[in-house]
Each structure stands twice: as C-alpha cells, then as structure tokens.
Number of protein chains: 4
Amino acid sequence: MQDQYRHWDTVQTRWGDNDIYGHVNNVVYYAFMDTVINTWLIANGLDIHGGEHIGLCVESHCNYHAPMAFPETVTAGLRIGHLGRSSVRYEVGFYRDEELIADGHFVHVFVDRDQRKPAAIPDGLRAAMEGIKA
Amino acid sequence: MQDQYRHWDTVQTRWGDNDIYGHVNNVVYYAFMDTVINTWLIANGLDIHGGEHIGLCVESHCNYHAPMAFPETVTAGLRIGHLGRSSVRYEVGFYRDEELIADGHFVHVFVDRDQRKPAAIPDGLRAAMEGIKA
Amino acid sequence: MQDQYRHWDTVQTRWGDNDIYGHVNNVVYYAFMDTVINTWLIANGLDIHGGEHIGLCVESHCNYHAPMAFPETVTAGLRIGHLGRSSVRYEVGFYRDEELIADGHFVHVFVDRDQRKPAAIPDGLRAAMEGIKA
Amino acid sequence: MQDQYRHWDTVQTRWGDNDIYGHVNNVVYYAFMDTVINTWLIANGLDIHGGEHIGLCVESHCNYHAPMAFPETVTAGLRIGHLGRSSVRYEVGFYRDEELIADGHFVHVFVDRDQRKPAAIPDGLRAAMEGIKA
C-alpha cells in the first residue's frame, strides 16, 4: 500500500455521506478526491481565492472495491500520473488499513481565472507535482 | 442530440452546486447521474426501501465539456450501454439546449439487499432496461 | 396553504438526499431554502457572479413536521417576514399537496462584495421583496 | 471557550463546502452538527444500522458569526441543553481558536425504527447525555 502513492492524507466521513443503503454513497468519493487534491494544491501554493490560475476538472473516474460507512475515517493516497504543460492527472486511492476501498483519477486543466483559457501550470506547483509523480 | 439517448429527464441545480469558481462543481454531476438513473429505476419497479435487490455502483466516470451554473436546469439523456446478468452500464449525457455539457457512465451490480452478493437483475427491470439500450 | 406564502416554486429531491433512515436528511432542507431564495433573488436582479452586493446568511432555522423521500418533488412557498435596511428575513414552507412538511426562516444581511460590510439592499431587490411581504 | 461545551471534536472542511462567495456555505454547518452529534451518539452506543431506536431531527437552528473557508479544520463543542423522555436538545458551537464562528441547536426525538413512534431514549444513551448536560 505505502509504495502505491506518494502523498497521504486522511478524510473524515459525515453523517450524510451514508445513503439509504447504509454506506458512503458513490458520489461522495469524488468529494473526497476533490478535497485531497485541492488540499495538496493549496499547501503547495495554489491560491483558490485570488490566484491568476485555477485548475478545472475535465475528467474523473472511480472504481469501487468495497463499501465503507460513516463514522469511518479513510486514508487517501495521492500521486501524479501524467503531467503535461497545462494538464495534470491525479490518481487517488482510498484505504481502510491495507484494504483498497476505491481508486480513481481526476484530470485538471489549468486555465487563467478570467478568460478560462488553458495556461501553463505555474512553476512552483509543477515542481511540487514532479515530486509526487508515480 | 435526441438520437443519442433513449430516455430524457431534467435536473435542477441548487445554490450549493456552484463552487468557488462560480460553476457547478464536478462532483455534482455524479449526483445528477445517480438521481437520473435511480429515478428511472424506481419508475420501472425498483423498491429502494424494502426491495429484495438493490444496485450498487462499482464504477463511474465523467467527461466535462463545458461549464454550467446554478440556477440552470439541465437536460439529461439516459441509455443502457451494456446489460449483463447482474450488472448494467448506464450512459448519461447532460445538455444545455443542443450543447453537450458533460457525459459519463455508471455501472451497477445488482445484489440481494441482505447478503450483498451479486444477483440477477429482476425480470421487470431487465425488460425496461432492454427498452432503452443504445 | 396558498394564502400562507406569496411566491411558489418546486424543488426536486436527489438520490443522495435520502439518508440511512430512508428519508430526506434534515440538512438538505436548508439546501432547498438556499435554492428557493437565491433562485428568486436572481430572477429579481441579484447578480451572484459580479454584482456589487451579495447576501450573507446570518441565521437559519427549520422545524420538521413530516418526512419526505427521494424521488419526491416538493412544493416550496416563500414570503418576506421582515425587511430592514440591509437585512431581510425570508420564511419558507415545504408542502406535499396540502400537508406542511417543514417550515423555517433564513436571514440575509446584504454586504458589499469586496469589504463584506453591511450595505443597503439594492432598490430593485427591495421593491421585489416588498411585493412578497407577509 | 472550553467551559462553554462539554465534549469536543474537530471537523474537516471539503472543497465543495466553499460556495461561490468563497466561504463555507451556511447549509454545511448543519452537516457539521449532524456529524458531530451522530459521531458522539455512535461512540456512546447508538446503532444506526440496526438499532431498535433512532433519533429523528424535529428542529434545527444556526447563528453565523464569522466566515470560514476550506481547507480550514473547525473545532466543535457539544453539550446537551434539554433532556426529556424521548427528546433531546443538542447545542453546538464551532470555533477557530478562541473565536466563535457559529453556534446552533438541534432537537432529536427518539423513535422506534419501524413504527417511527416516539420512544424513551435508551438508558445507556441517556446516561451518556446526562454526562454532557450544560
């Protein structure tokens, strides 16, 4: 498990994450991905409130291997799978101890905030991304 | 557009769907998919409260082509892409007029509610699914 | 029912609104309130993307009288209960046919977007608000 | 601050909690309340999956004093404000360091799971609730 991803975080579940079938709804895993990725981006320099460049999601995907349920806390692994000029593919795995609960990917295209045209990933972020490449 | 999907529905956006960047967050499209699919399943006989069989999501995917924002209402198209004994692949497209905003897929495995072991899709649902195959 | 509120709207439920107990989670009613209120504000001139003034919620409240569940659509009534210089109290009721499911209130203070200091409610909005006062 | 509540927890924010105005949406505070309360209930014996008794929310309320934003983690205080035979009022405060961000209350009526008729709060839970009364 530890060698599968390059950065680790934990994510709390919430009461409302459980759906009528008693486990965390499939949609919520994407909220986890979005949170793990953006927490890491912000910690590495992304300014979501006023920065010139922002990342927009153009593709996301998830495979679900086992259920989990509130009030569990989940361990999330993150790595960069592809790093282009303006786009980046994040890969995320969710674990309960050593068991892989779900894994997926998420592609950001960086754009300038006002025009929303593709733009090169800022140097500082790019260097950080290189540091967690698969 | 009309020939791309076999069943049509509309989905309202909500205030909280807009994220800090001013458009509907990528996660929310999966809530739309889940809603369109389950609304259709319930209308075609699925009993989510007490039925013997339920559908669990094992894979989902979305490609995002253009932004949208609350308070828009989106048009959703649904078709069945693959229909197995216990699994079914739904394909969903979201439109603003004729413009494809996003499209994705979602795979359910049907299981018995108590044991959560794969089970054949009930006959009534299967017949309905055949009716909206691609 | 019809004489209790001054503006009417409908709100769709979503799959994920149902919690583990099989009905719409209490939290979701506030998402409904926020949506009904902001839909009305936008229709009456509020520019949430770039307008000079925005409404910030300083208080909200809800009483729950009966359950509802996805895939129901709910009817929502809206009226203005108090209208001050910069603050406004909205009152919202949710109905299934003639049955009151839940009702609550929500207080906005209008502020200028940049400084977030209280500001007079814009004249156009104020006139519209006068039109739906209790 | 420490003497205002009797039980303390922390709650992570998520990317999607920030709304278009750049701070945690008012609705989300109720998801925090629901989570803090149910986490405490489960830790003190509530079985949300199969237990005979469940708590249904009949009233909730929140006052918002200052904004917060993802990726902040918030400190939550919990106390019991009123404890009846079948109903209980929880009071919750959210803090950033010593600053009160928001506070509110939430009333549960305990019911039997099947009939949804009011029922006495189970003895074990009641004893725990006595332990965090204001």
# chains A, B, ... in the order shown; residues from 1 in each chain; ligands from 1
$ residues_around --residues "region 65-72 of chain C" --least-positions-apart "3" --cutoff "6 Å" --atoms "only C-alpha atoms" --output "list in words"
Thr13, Arg14, Trp15, His23, Val24, Ile101 and Ala102 of chain C
$ residues_around --residues "Thr75 (chain B)" --least-positions-apart "6" --cutoff "9 Å" --atoms "only C-alpha atoms" --output "PDB file with C-alpha atoms, in the first residue's frame"
ATOM      1  CA  TRP B   8     -34.846  12.070 -21.102  1.00  0.00           C
ATOM      2  CA  ASP B   9     -35.200  13.870 -17.813  1.00  0.00           C
ATOM      3  CA  THR B  10     -34.429  17.319 -16.389  1.00  0.00           C
ATOM      4  CA  VAL B  11     -32.381  18.099 -13.323  1.00  0.00           C
ATOM      5  CA  GLY B  93     -25.339  12.928 -21.226  1.00  0.00           C
ATOM      6  CA  PHE B  94     -26.094  16.408 -19.907  1.00  0.00           C
ATOM      7  CA  TYR B  95     -27.200  19.096 -22.314  1.00  0.00           C
ATOM      8  CA  ARG B  96     -27.903  22.817 -22.433  1.00  0.00           C
ATOM      9  CA  ASP B  97     -30.141  23.034 -25.485  1.00  0.00           C
TER      10      ASP B  97
END
$ residues_around --residues "region 55-58 of chain B" --least-positions-apart "4" --cutoff "10 Å" --atoms "only C-alpha atoms" --output "PDB file with C-alpha atoms, in the first residue's frame"
ATOM      1  CA  TYR A  21     -28.224   1.509   1.718  1.00  0.00           C
ATOM      2  CA  ASN A  25     -22.619   6.993  -1.453  1.00  0.00           C
ATOM      3  CA  ASN A  26     -20.544   6.627  -4.620  1.00  0.00           C
ATOM      4  CA  VAL A  27     -20.779  10.363  -5.335  1.00  0.00           C
ATOM      5  CA  CYS A  62     -13.684   5.936  -9.794  1.00  0.00           C
ATOM      6  CA  ASN A  63     -13.722   2.175  -9.216  1.00  0.00           C
ATOM      7  CA  TYR A  64     -15.366   0.956  -6.034  1.00  0.00           C
ATOM      8  CA  HIS A  65     -13.956  -2.200  -4.458  1.00  0.00           C
ATOM      9  CA  ALA A  66     -15.519  -2.371  -1.001  1.00  0.00           C
ATOM     10  CA  PRO A  67     -18.039  -0.354   0.984  1.00  0.00           C
ATOM     11  CA  ALA A 102     -11.769   2.606  -4.058  1.00  0.00           C
TER      12      ALA A 102
ATOM     13  CA  ASP B  34     -27.267   8.916  -9.574  1.00  0.00           C
ATOM     14  CA  ASN B  38     -32.439   5.903  -9.749  1.00  0.00           C
ATOM     15  CA  LEU B  41     -35.158   2.599 -11.858  1.00  0.00           C
ATOM     16  CA  LEU B  46     -37.034  -0.760  -8.129  1.00  0.00           C
ATOM     17  CA  ILE B  48     -35.236   1.243  -2.718  1.00  0.00           C
ATOM     18  CA  SER B  86     -26.286  -8.896 -12.693  1.00  0.00           C
ATOM     19  CA  SER B  87     -24.524  -5.787 -13.986  1.00  0.00           C
ATOM     20  CA  VAL B  88     -25.650  -2.901 -16.107  1.00  0.00           C
ATOM     21  CA  ARG B  89     -23.832   0.067 -17.591  1.00  0.00           C
ATOM     22  CA  PHE B 106     -22.093   4.443 -14.239  1.00  0.00           C
ATOM     23  CA  VAL B 107     -22.038   0.674 -13.596  1.00  0.00           C
ATOM     24  CA  HIS B 108     -24.431  -1.016 -11.182  1.00  0.00           C
ATOM     25  CA  VAL B 109     -24.063  -4.539  -9.908  1.00  0.00           C
ATOM     26  CA  PHE B 110     -27.348  -5.837  -8.569  1.00  0.00           C
ATOM     27  CA  VAL B 111     -27.106  -7.672  -5.256  1.00  0.00           C
ATOM     28  CA  ASP B 112     -29.512  -9.076  -2.737  1.00  0.00           C
ATOM     29  CA  ARG B 113     -30.059  -6.475  -0.038  1.00  0.00           C
ATOM     30  CA  ARG B 116     -24.882  -8.086  -0.820  1.00  0.00           C
ATOM     31  CA  PRO B 118     -24.423 -10.427  -6.939  1.00  0.00           C
ATOM     32  CA  ALA B 119     -27.889 -11.438  -8.125  1.00  0.00           C
ATOM     33  CA  ILE B 121     -31.322  -8.226 -12.383  1.00  0.00           C
TER      34      ILE B 121
END
$ closest_atom_pairs --of "chain D" --to "chain B" --cutoff "7 Å" --atoms "only C-alpha atoms" --output "Markdown table"
| residue | atom | partner | partner_atom | distance |
| --- | --- | --- | --- | --- |
| D:Gly16 | CA | B:Asp19 | CA | 6.1 |
| D:Asn18 | CA | B:Ile20 | CA | 5.9 |
| D:Asp19 | CA | B:Asp19 | CA | 4.8 |
| D:Ile20 | CA | B:Ile20 | CA | 4.2 |
| D:Tyr21 | CA | B:Ile20 | CA | 6.4 |
| D:Gly22 | CA | B:Ile20 | CA | 5.1 |
$ write_last_selection --atoms "N, CA and C atoms" --output "compact mmCIF listing (two decimals), in the first residue's frame"
# COMPACT_ATOMS: atom_id res chain seq x y z
N GLY D 16 -15.90 21.32 -1.75
CA GLY D 16 -17.24 21.72 -2.17
C GLY D 16 -18.01 22.48 -1.10
N ASN D 18 -17.07 25.28 0.17
CA ASN D 18 -16.97 26.69 -0.21
C ASN D 18 -17.98 26.97 -1.31
N ASP D 19 -18.75 28.02 -1.13
CA ASP D 19 -19.70 28.37 -2.19
C ASP D 19 -19.11 29.46 -3.08
N ILE D 20 -19.92 29.99 -3.95
CA ILE D 20 -19.44 30.96 -4.94
C ILE D 20 -18.86 32.20 -4.28
N TYR D 21 -19.23 32.47 -3.01
CA TYR D 21 -18.70 33.65 -2.32
C TYR D 21 -17.40 33.33 -1.59
N GLY D 22 -16.90 32.10 -1.75
CA GLY D 22 -15.56 31.78 -1.26
C GLY D 22 -15.46 31.34 0.19
$ select_by_dssp --residues "region 29-90 of chain B" --states "strand (DSSP E)" --output "list in words"
His53, Ile54, Gly55, Leu56, Cys57, Val58, Glu59, Ser60, His61, Cys62, Asn63, Tyr64, Thr73, Val74, Thr75, Ala76, Gly77, Leu78, Arg79, Ile80, Gly81, His82, Leu83, Ser87, Val88, Arg89 and Tyr90 of chain B
$ write_last_selection --atoms "C-alpha atoms" --output "PDB file, in the first residue's frame"
ATOM      1  CA  HIS B  53     -32.460  -6.480  -4.770  1.00  0.00           C
ATOM      2  CA  ILE B  54     -30.545  -3.237  -4.906  1.00  0.00           C
ATOM      3  CA  GLY B  55     -27.997  -1.818  -7.332  1.00  0.00           C
ATOM      4  CA  LEU B  56     -24.530  -0.933  -6.024  1.00  0.00           C
ATOM      5  CA  CYS B  57     -22.217   1.323  -8.014  1.00  0.00           C
ATOM      6  CA  VAL B  58     -18.892  -0.309  -8.892  1.00  0.00           C
ATOM      7  CA  GLU B  59     -17.584   2.210 -11.421  1.00  0.00           C
ATOM      8  CA  SER B  60     -18.374   5.733 -12.551  1.00  0.00           C
ATOM      9  CA  HIS B  61     -16.821   8.166 -14.977  1.00  0.00           C
ATOM     10  CA  CYS B  62     -17.449  11.656 -16.325  1.00  0.00           C
ATOM     11  CA  ASN B  63     -16.013  13.914 -19.027  1.00  0.00           C
ATOM     12  CA  TYR B  64     -16.698  17.613 -18.680  1.00  0.00           C
ATOM     13  CA  THR B  73     -31.817  23.418 -15.268  1.00  0.00           C
ATOM     14  CA  VAL B  74     -30.041  20.711 -17.256  1.00  0.00           C
ATOM     15  CA  THR B  75     -31.446  18.166 -19.684  1.00  0.00           C
ATOM     16  CA  ALA B  76     -30.217  14.629 -19.070  1.00  0.00           C
ATOM     17  CA  GLY B  77     -30.241  11.746 -21.534  1.00  0.00           C
ATOM     18  CA  LEU B  78     -30.002   8.125 -20.419  1.00  0.00           C
ATOM     19  CA  ARG B  79     -29.331   4.864 -22.263  1.00  0.00           C
ATOM     20  CA  ILE B  80     -28.132   1.398 -21.332  1.00  0.00           C
ATOM     21  CA  GLY B  81     -24.712   0.599 -22.827  1.00  0.00           C
ATOM     22  CA  HIS B  82     -24.228  -2.948 -21.587  1.00  0.00           C
ATOM     23  CA  LEU B  83     -26.643  -5.316 -19.903  1.00  0.00           C
ATOM     24  CA  SER B  87     -24.524  -5.787 -13.986  1.00  0.00           C
ATOM     25  CA  VAL B  88     -25.650  -2.901 -16.107  1.00  0.00           C
ATOM     26  CA  ARG B  89     -23.832   0.067 -17.591  1.00  0.00           C
ATOM     27  CA  TYR B  90     -25.792   3.304 -17.830  1.00  0.00           C
TER      28      TYR B  90
END
$ atom_distance --atom1 "CA of Ala120 (chain D)" --atom2 "CA of Gly50 (chain D)"
17.2 Å
$ decode --residues "region 75-123 of chain C" --atoms "N, CA and C atoms" --output "PDB file, in the first residue's frame"
ATOM      1  N   THR C  75     -43.146  21.148  -3.031  1.00  0.00           N
ATOM      2  CA  THR C  75     -43.605  22.497  -3.321  1.00  0.00           C
ATOM      3  C   THR C  75     -43.116  23.422  -2.218  1.00  0.00           C
ATOM      4  N   ALA C  76     -42.521  24.543  -2.621  1.00  0.00           N
ATOM      5  CA  ALA C  76     -41.964  25.468  -1.639  1.00  0.00           C
ATOM      6  C   ALA C  76     -42.646  26.818  -1.738  1.00  0.00           C
ATOM      7  N   GLY C  77     -43.074  27.348  -0.593  1.00  0.00           N
ATOM      8  CA  GLY C  77     -43.644  28.688  -0.523  1.00  0.00           C
ATOM      9  C   GLY C  77     -42.644  29.642   0.113  1.00  0.00           C
ATOM     10  N   LEU C  78     -42.633  30.878  -0.365  1.00  0.00           N
ATOM     11  CA  LEU C  78     -41.685  31.883   0.131  1.00  0.00           C
ATOM     12  C   LEU C  78     -42.423  33.187   0.428  1.00  0.00           C
ATOM     13  N   ARG C  79     -42.054  33.808   1.537  1.00  0.00           N
ATOM     14  CA  ARG C  79     -42.533  35.172   1.833  1.00  0.00           C
ATOM     15  C   ARG C  79     -41.427  35.898   2.592  1.00  0.00           C
ATOM     16  N   ILE C  80     -41.540  37.215   2.620  1.00  0.00           N
ATOM     17  CA  ILE C  80     -40.602  38.033   3.386  1.00  0.00           C
ATOM     18  C   ILE C  80     -41.259  38.355   4.717  1.00  0.00           C
ATOM     19  N   GLY C  81     -40.567  38.042   5.821  1.00  0.00           N
ATOM     20  CA  GLY C  81     -41.144  38.274   7.142  1.00  0.00           C
ATOM     21  C   GLY C  81     -40.730  39.579   7.764  1.00  0.00           C
ATOM     22  N   HIS C  82     -39.547  40.051   7.472  1.00  0.00           N
ATOM     23  CA  HIS C  82     -39.053  41.331   7.986  1.00  0.00           C
ATOM     24  C   HIS C  82     -38.118  41.891   6.943  1.00  0.00           C
ATOM     25  N   LEU C  83     -38.213  43.173   6.720  1.00  0.00           N
ATOM     26  CA  LEU C  83     -37.378  43.809   5.704  1.00  0.00           C
ATOM     27  C   LEU C  83     -36.765  45.063   6.311  1.00  0.00           C
ATOM     28  N   GLY C  84     -35.468  45.005   6.617  1.00  0.00           N
ATOM     29  CA  GLY C  84     -34.759  46.148   7.187  1.00  0.00           C
ATOM     30  C   GLY C  84     -33.949  46.872   6.122  1.00  0.00           C
ATOM     31  N   ARG C  85     -33.022  47.717   6.564  1.00  0.00           N
ATOM     32  CA  ARG C  85     -32.210  48.475   5.622  1.00  0.00           C
ATOM     33  C   ARG C  85     -31.259  47.536   4.865  1.00  0.00           C
ATOM     34  N   SER C  86     -30.561  46.717   5.626  1.00  0.00           N
ATOM     35  CA  SER C  86     -29.608  45.816   4.974  1.00  0.00           C
ATOM     36  C   SER C  86     -29.945  44.345   5.219  1.00  0.00           C
ATOM     37  N   SER C  87     -30.905  44.077   6.093  1.00  0.00           N
ATOM     38  CA  SER C  87     -31.206  42.676   6.388  1.00  0.00           C
ATOM     39  C   SER C  87     -32.633  42.323   5.999  1.00  0.00           C
ATOM     40  N   VAL C  88     -32.823  41.050   5.712  1.00  0.00           N
ATOM     41  CA  VAL C  88     -34.136  40.575   5.287  1.00  0.00           C
ATOM     42  C   VAL C  88     -34.322  39.161   5.835  1.00  0.00           C
ATOM     43  N   ARG C  89     -35.543  38.912   6.299  1.00  0.00           N
ATOM     44  CA  ARG C  89     -35.871  37.587   6.813  1.00  0.00           C
ATOM     45  C   ARG C  89     -36.839  36.927   5.840  1.00  0.00           C
ATOM     46  N   TYR C  90     -36.414  35.797   5.300  1.00  0.00           N
ATOM     47  CA  TYR C  90     -37.254  35.005   4.411  1.00  0.00           C
ATOM     48  C   TYR C  90     -37.912  33.905   5.236  1.00  0.00           C
ATOM     49  N   GLU C  91     -39.141  33.590   4.901  1.00  0.00           N
ATOM     50  CA  GLU C  91     -39.825  32.476   5.555  1.00  0.00           C
ATOM     51  C   GLU C  91     -40.260  31.494   4.473  1.00  0.00           C
ATOM     52  N   VAL C  92     -39.967  30.232   4.713  1.00  0.00           N
ATOM     53  CA  VAL C  92     -40.168  29.223   3.680  1.00  0.00           C
ATOM     54  C   VAL C  92     -40.966  28.053   4.249  1.00  0.00           C
ATOM     55  N   GLY C  93     -41.906  27.553   3.470  1.00  0.00           N
ATOM     56  CA  GLY C  93     -42.653  26.357   3.850  1.00  0.00           C
ATOM     57  C   GLY C  93     -42.566  25.319   2.749  1.00  0.00           C
ATOM     58  N   PHE C  94     -42.427  24.060   3.143  1.00  0.00           N
ATOM     59  CA  PHE C  94     -42.351  22.964   2.167  1.00  0.00           C
ATOM     60  C   PHE C  94     -43.597  22.093   2.301  1.00  0.00           C
ATOM     61  N   TYR C  95     -44.246  21.841   1.185  1.00  0.00           N
ATOM     62  CA  TYR C  95     -45.513  21.116   1.184  1.00  0.00           C
ATOM     63  C   TYR C  95     -45.498  19.895   0.279  1.00  0.00           C
ATOM     64  N   ARG C  96     -46.220  18.862   0.710  1.00  0.00           N
ATOM     65  CA  ARG C  96     -46.630  17.758  -0.158  1.00  0.00           C
ATOM     66  C   ARG C  96     -48.145  17.908  -0.258  1.00  0.00           C
ATOM     67  N   ASP C  97     -48.632  18.259  -1.424  1.00  0.00           N
ATOM     68  CA  ASP C  97     -50.035  18.646  -1.581  1.00  0.00           C
ATOM     69  C   ASP C  97     -50.359  19.702  -0.517  1.00  0.00           C
ATOM     70  N   GLU C  98     -51.331  19.471   0.325  1.00  0.00           N
ATOM     71  CA  GLU C  98     -51.689  20.495   1.318  1.00  0.00           C
ATOM     72  C   GLU C  98     -50.973  20.291   2.650  1.00  0.00           C
ATOM     73  N   GLU C  99     -50.163  19.232   2.755  1.00  0.00           N
ATOM     74  CA  GLU C  99     -49.506  18.929   4.034  1.00  0.00           C
ATOM     75  C   GLU C  99     -48.190  19.686   4.186  1.00  0.00           C
ATOM     76  N   LEU C 100     -48.070  20.402   5.289  1.00  0.00           N
ATOM     77  CA  LEU C 100     -46.830  21.120   5.578  1.00  0.00           C
ATOM     78  C   LEU C 100     -45.785  20.122   6.092  1.00  0.00           C
ATOM     79  N   ILE C 101     -44.717  19.948   5.328  1.00  0.00           N
ATOM     80  CA  ILE C 101     -43.648  19.000   5.668  1.00  0.00           C
ATOM     81  C   ILE C 101     -42.639  19.636   6.617  1.00  0.00           C
ATOM     82  N   ALA C 102     -42.306  20.881   6.342  1.00  0.00           N
ATOM     83  CA  ALA C 102     -41.300  21.583   7.140  1.00  0.00           C
ATOM     84  C   ALA C 102     -41.454  23.074   6.874  1.00  0.00           C
ATOM     85  N   ASP C 103     -41.079  23.885   7.862  1.00  0.00           N
ATOM     86  CA  ASP C 103     -41.016  25.327   7.597  1.00  0.00           C
ATOM     87  C   ASP C 103     -39.871  25.928   8.394  1.00  0.00           C
ATOM     88  N   GLY C 104     -39.388  27.060   7.885  1.00  0.00           N
ATOM     89  CA  GLY C 104     -38.236  27.650   8.532  1.00  0.00           C
ATOM     90  C   GLY C 104     -38.027  29.075   8.093  1.00  0.00           C
ATOM     91  N   HIS C 105     -36.955  29.662   8.609  1.00  0.00           N
ATOM     92  CA  HIS C 105     -36.606  31.008   8.156  1.00  0.00           C
ATOM     93  C   HIS C 105     -35.104  31.122   7.945  1.00  0.00           C
ATOM     94  N   PHE C 106     -34.730  32.211   7.349  1.00  0.00           N
ATOM     95  CA  PHE C 106     -33.367  32.391   6.839  1.00  0.00           C
ATOM     96  C   PHE C 106     -33.155  33.893   6.768  1.00  0.00           C
ATOM     97  N   VAL C 107     -32.115  34.408   7.427  1.00  0.00           N
ATOM     98  CA  VAL C 107     -31.861  35.855   7.449  1.00  0.00           C
ATOM     99  C   VAL C 107     -30.603  36.179   6.656  1.00  0.00           C
ATOM    100  N   HIS C 108     -30.753  37.059   5.683  1.00  0.00           N
ATOM    101  CA  HIS C 108     -29.630  37.572   4.898  1.00  0.00           C
ATOM    102  C   HIS C 108     -29.277  38.960   5.383  1.00  0.00           C
ATOM    103  N   VAL C 109     -27.993  39.238   5.518  1.00  0.00           N
ATOM    104  CA  VAL C 109     -27.524  40.615   5.598  1.00  0.00           C
ATOM    105  C   VAL C 109     -26.825  40.912   4.283  1.00  0.00           C
ATOM    106  N   PHE C 110     -27.259  41.986   3.634  1.00  0.00           N
ATOM    107  CA  PHE C 110     -26.588  42.368   2.389  1.00  0.00           C
ATOM    108  C   PHE C 110     -25.325  43.144   2.715  1.00  0.00           C
ATOM    109  N   VAL C 111     -24.265  42.809   1.980  1.00  0.00           N
ATOM    110  CA  VAL C 111     -22.965  43.449   2.172  1.00  0.00           C
ATOM    111  C   VAL C 111     -22.398  43.789   0.800  1.00  0.00           C
ATOM    112  N   ASP C 112     -21.416  44.688   0.779  1.00  0.00           N
ATOM    113  CA  ASP C 112     -20.705  44.899  -0.486  1.00  0.00           C
ATOM    114  C   ASP C 112     -19.730  43.739  -0.635  1.00  0.00           C
ATOM    115  N   ARG C 113     -19.592  43.276  -1.884  1.00  0.00           N
ATOM    116  CA  ARG C 113     -18.859  42.043  -2.138  1.00  0.00           C
ATOM    117  C   ARG C 113     -17.416  42.099  -1.653  1.00  0.00           C
ATOM    118  N   ASP C 114     -16.756  43.232  -1.809  1.00  0.00           N
ATOM    119  CA  ASP C 114     -15.324  43.280  -1.514  1.00  0.00           C
ATOM    120  C   ASP C 114     -15.041  43.450  -0.024  1.00  0.00           C
ATOM    121  N   GLN C 115     -15.674  44.412   0.600  1.00  0.00           N
ATOM    122  CA  GLN C 115     -15.371  44.689   2.011  1.00  0.00           C
ATOM    123  C   GLN C 115     -16.195  43.830   2.959  1.00  0.00           C
ATOM    124  N   ARG C 116     -17.304  43.291   2.458  1.00  0.00           N
ATOM    125  CA  ARG C 116     -18.208  42.483   3.292  1.00  0.00           C
ATOM    126  C   ARG C 116     -18.731  43.289   4.494  1.00  0.00           C
ATOM    127  N   LYS C 117     -18.956  44.598   4.262  1.00  0.00           N
ATOM    128  CA  LYS C 117     -19.590  45.456   5.266  1.00  0.00           C
ATOM    129  C   LYS C 117     -21.072  45.582   4.902  1.00  0.00           C
ATOM    130  N   PRO C 118     -21.969  45.646   5.921  1.00  0.00           N
ATOM    131  CA  PRO C 118     -23.398  45.765   5.636  1.00  0.00           C
ATOM    132  C   PRO C 118     -23.694  46.944   4.715  1.00  0.00           C
ATOM    133  N   ALA C 119     -24.612  46.743   3.811  1.00  0.00           N
ATOM    134  CA  ALA C 119     -24.954  47.759   2.815  1.00  0.00           C
ATOM    135  C   ALA C 119     -26.463  47.701   2.597  1.00  0.00           C
ATOM    136  N   ALA C 120     -27.033  48.821   2.196  1.00  0.00           N
ATOM    137  CA  ALA C 120     -28.474  48.856   1.950  1.00  0.00           C
ATOM    138  C   ALA C 120     -28.830  47.855   0.844  1.00  0.00           C
ATOM    139  N   ILE C 121     -29.950  47.177   1.022  1.00  0.00           N
ATOM    140  CA  ILE C 121     -30.450  46.284  -0.021  1.00  0.00           C
ATOM    141  C   ILE C 121     -30.719  47.127  -1.271  1.00  0.00           C
ATOM    142  N   PRO C 122     -30.208  46.717  -2.437  1.00  0.00           N
ATOM    143  CA  PRO C 122     -30.419  47.492  -3.668  1.00  0.00           C
ATOM    144  C   PRO C 122     -31.912  47.765  -3.907  1.00  0.00           C
ATOM    145  N   ASP C 123     -32.232  48.934  -4.463  1.00  0.00           N
ATOM    146  CA  ASP C 123     -33.624  49.366  -4.615  1.00  0.00           C
ATOM    147  C   ASP C 123     -34.491  48.377  -5.385  1.00  0.00           C
TER     148      ASP C 123
END
